[in-house]
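Participant: First the structure, which I've put down as structure tokens, then a few questions once you've had a look.
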Amino acid sequence: MDTLKDSFLEILRSEQLLTGASLKDRYHHIWHMDQPLNVKALLLPESTEQVAAIMKICHTNDQPVIVFGGLTNLVGSTETYGDEVVISMERMNGIEKADIQSRTITVEAGAILEHVQQAALERNLLFPLNYGAKGSAQIGGAISTNAGGLQVIRYGMTRQLVLGLETVLADGTVISSLKKIIKDNSAYDIKQLFIGSEGTLGIVTKAVLKLVELPQSRVSAFVGINDFDKVVSFMRYMDQGLAGTLSSYELIWKDSYITLTKDPSVDRSPLPDTYNYYVLLEGLGSHQNQDEDRLENLLENALNEGLILDAAPAYSKTELNRFWHIRENVDALVAVCKFDQHFDISLPIYAVGETIASISESLAKIKGVTHVFPFGHIGDGNIHFMIGKENDSDELKIAINDIVYKPIKMLGGSVSAEHGIGLHKKEYLRLSRTDEEIALMKQLKRTLDPKNILNRGKVLDL
Ligand SMILES: Cc1cc2nc3c(=O)[nH]c(=O)nc-3n(C[C@H](O)[C@H](O)[C@H](O)COP(=O)(O)OP(=O)(O)OC[C@H]3O[C@@H](n4cnc5c(N)ncnc54)[C@H](O)[C@@H]3O)c2cc1C
């Protein structure tokens, strides 16, 4: 370590290098802040040049590296084995003024998602990537996990919001393409390789992000439905009726909804708790009063036609925030579970109703399973399962995994809709990808990182 340390100190100031006792306040995940970080060293670079120089040293010395963003990932992708050097991006958090004409914003990878949203807002523009961890997740982390969230049906995943990218490869080479253009078919779109690669192919240092015009109105409603087929028909009906402004279409299954809206949860239900499914939808439009009227008319028609059984539009900003708190307050589900296990699967939307019913039935029969809470971004076929259980044994974990993942391959779904593979889902990657796809991924990894130093042991075993 001493030689490595001397090399790092040729490019970094001593306070940019933490080792030994100075690591005791650091951790590998935001949920494990009470456990000190187990690594050789943590480095705090302040520029792309420093990241490149660090990687040259690590490459020469076969030194494994993990990049730390906001540490909010949900798949163990920043867990350490002890022999790594960590590069924490927190000091590379610069955000340039949004460019109004090209509707872009250029940011360093360590910029916090919420700060980027605010910077866009200051110029009357919207950065539409949005999810619960926005106050801690960094743009580099969002890019490296291709994060999705609450507005994917309208604005797409992170992949659709990145126009330019600067990345440092495992050997320190800087690949920079910070263009502000939407169309660029000059051969391969290299940046897409790094988006969603969970820090295994390169280190993202900067990005040009796409912004959109700031919506001038926001309307939401909770809706009660009993048949899953109608959940799907109603989504199409609303998408047509709201003429392209439908931005979120979230589904909460009955048991999850009841838990989210009863003691000890702080929230109360705007609808009776008798329906099988609760949809929370949102439209982002251009005129508040007109959009509210249009939503009310659409809901009234849907009720008259028997497409839905009940509806509660949000009549104020407070009510709207309350509705979203119900959907986002996952802590209320965790609170009733002694131990929990969570999932983030994708299924073709037509298969969601039956498949989730059958998975839930099978899970309920397993000894040790206490709760089954499905909910999710149903507009994009993404279901987040929260399973409550009596113990945290590997045996129970595997039994639950086997049931939840069983239908994935046959239905053409995915073991990860948006959280990624990391460490926790590595064994199940083969259910989402063919042998040929995995072989090509390994070939790409070997080409870009021949010494396998970037996030070794995550996503793929070589
Ligand atoms: C409450 C909560 C709600 C969430 N909701 C959603 C949701 O709705 N949708 C969704 O998609 N996700 C969600 N997530 C998970 C989401 O994937 C992460 O929050 C986020 O995208 C990761 O960003 P981060 O900065 O915390 O990255 P980290 O957790 O620090 O890192 C994630 C991965 O990216 C790598 N990495 C980080 N920065 C870089 C970089 N600059 N270059 C290369 N690799 C890098 C790391 O090595 C690691 O492999 C949620 C998480 C929480 C805790």
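Identifiers in this document derive from the order of the structure tokens: chains are assigned A, B, ..., residues are numbered from 1 separately in each chain, and ligands are numbered from 1 in order of occurrence.
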As a compact mmCIF listing (two decimals) with C-alpha atoms, in the first residue's frame, please: the residues near region 206-215 of chain A (cut-off 6 Å, only C-alpha atoms, same-chain neighbours under 5 positions excluded).

Facilitator:
# COMPACT_ATOMS: atom_id res chain seq x y z
CA ARG A 103 -32.12 22.91 -23.52
CA THR A 104 -29.19 21.10 -21.89
CA ILE A 105 -27.26 21.24 -18.66
CA THR A 106 -23.63 20.14 -18.29
CA VAL A 107 -22.72 18.67 -14.91
CA GLU A 108 -19.93 16.81 -13.17
CA ALA A 109 -20.71 13.23 -12.16
CA ASN A 124 -37.56 27.55 -16.19
CA LEU A 125 -36.67 24.10 -17.51
CA LEU A 126 -37.20 20.58 -16.18
CA PHE A 127 -34.75 17.73 -15.72
CA LEU A 161 -31.73 11.96 -21.07
CA VAL A 162 -27.98 11.83 -21.68
CA LEU A 163 -26.73 13.66 -24.78
CA GLY A 164 -23.01 13.72 -24.03
CA LEU A 165 -20.67 11.86 -21.72
CA GLU A 166 -17.09 12.03 -20.50
CA LEU A 178 -19.73 16.40 -24.40
CA LEU A 284 -48.04 17.46 -16.50
CA GLY A 285 -49.57 20.03 -18.84
CA SER A 286 -49.83 23.67 -19.76

Participant: Show me which residues are within 6 Å of ligand 1 counting only C-alpha atoms and all ligand atoms, and format the list as a ChimeraX atom specification.

Facilitator: /A:66-74,77-78,109,131-133,137-138,140-142,144-145,147-149,198-199,202-205,418-419

Participant: Point out the residue among A:Ala53, A:Leu42, A:Val65, A:Ala120 with the least atom-to-atom distance to Asp99 (chain A), counting only C-alpha atoms.

Facilitator: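 That would be A:Ala120, the residue with the smallest distance to Asp99 (chain A).
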
Participant: Just to confirm, what's the straight-line distance from CA of Phe385 (chain A) to CA of Asp263 (chain A) in Å (one decimal)?

Facilitator: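 Taking CA of Phe385 (chain A) and CA of Asp263 (chain A), their separation equals 20.8 Å.
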
Participant: Neighbouring residues of Leu4 (chain A) were defined as those with any atom within 12 Å, considering only C-alpha atoms; residues of the same chain fewer than 5 positions away were excluded. Please report them as JSON, numbers by chain.

Facilitator: {"A": [9, 10, 11, 17, 19, 40, 41, 43, 54, 55, 56, 57, 58, 59, 60, 61, 62, 63, 84, 85]}

Participant: Take the residues that were just selected and, keeping C-alpha atoms, output them as an mmCIF file, in the first residue's frame.

Facilitator:
data_model
loop_
_atom_site.group_PDB
_atom_site.id
_atom_site.type_symbol
_atom_site.label_atom_id
_atom_site.label_comp_id
_atom_site.auth_asym_id
_atom_site.auth_seq_id
_atom_site.Cartn_x
_atom_site.Cartn_y
_atom_site.Cartn_z
ATOM 1 C CA LEU A 9 0.254 11.613 -3.299
ATOM 2 C CA GLU A 10 2.119 12.715 -6.426
ATOM 3 C CA ILE A 11 -1.237 13.731 -7.929
ATOM 4 C CA LEU A 17 -6.459 10.440 0.390
ATOM 5 C CA THR A 19 -6.604 5.478 4.823
ATOM 6 C CA LYS A 40 -7.347 0.050 1.307
ATOM 7 C CA ALA A 41 -7.966 3.750 0.654
ATOM 8 C CA LEU A 43 -9.639 8.963 -2.856
ATOM 9 C CA ILE A 54 -5.526 7.630 -10.441
ATOM 10 C CA MET A 55 -6.705 5.024 -12.952
ATOM 11 C CA LYS A 56 -3.284 4.948 -14.665
ATOM 12 C CA ILE A 57 -1.699 4.118 -11.306
ATOM 13 C CA CYS A 58 -4.332 1.484 -10.446
ATOM 14 C CA HIS A 59 -4.071 -0.104 -13.898
ATOM 15 C CA THR A 60 -0.273 -0.340 -13.695
ATOM 16 C CA ASN A 61 -0.517 -1.902 -10.227
ATOM 17 C CA ASP A 62 -3.470 -4.277 -10.947
ATOM 18 C CA GLN A 63 -5.316 -2.431 -8.187
ATOM 19 C CA GLU A 84 -10.136 -2.071 -3.204
ATOM 20 C CA VAL A 85 -9.317 1.585 -3.615
#

Participant: Could you name the residues that touch region 378-383 of chain A at 8 Å or less, counting only C-alpha atoms, but leaving out those on the same chain fewer than 2 positions away, as a VMD selection string?

Facilitator: chain A and resid 152 to 153 235 248 to 251 343 to 349 352 374 to 376 385 417

Participant: Run DSSP on the backbone and give me the residues of region 313-409 of chain A it puts in alpha helix (DSSP H), as number ranges by chain.

Facilitator: A: 317-328, 331-335, 349-364, 394-409
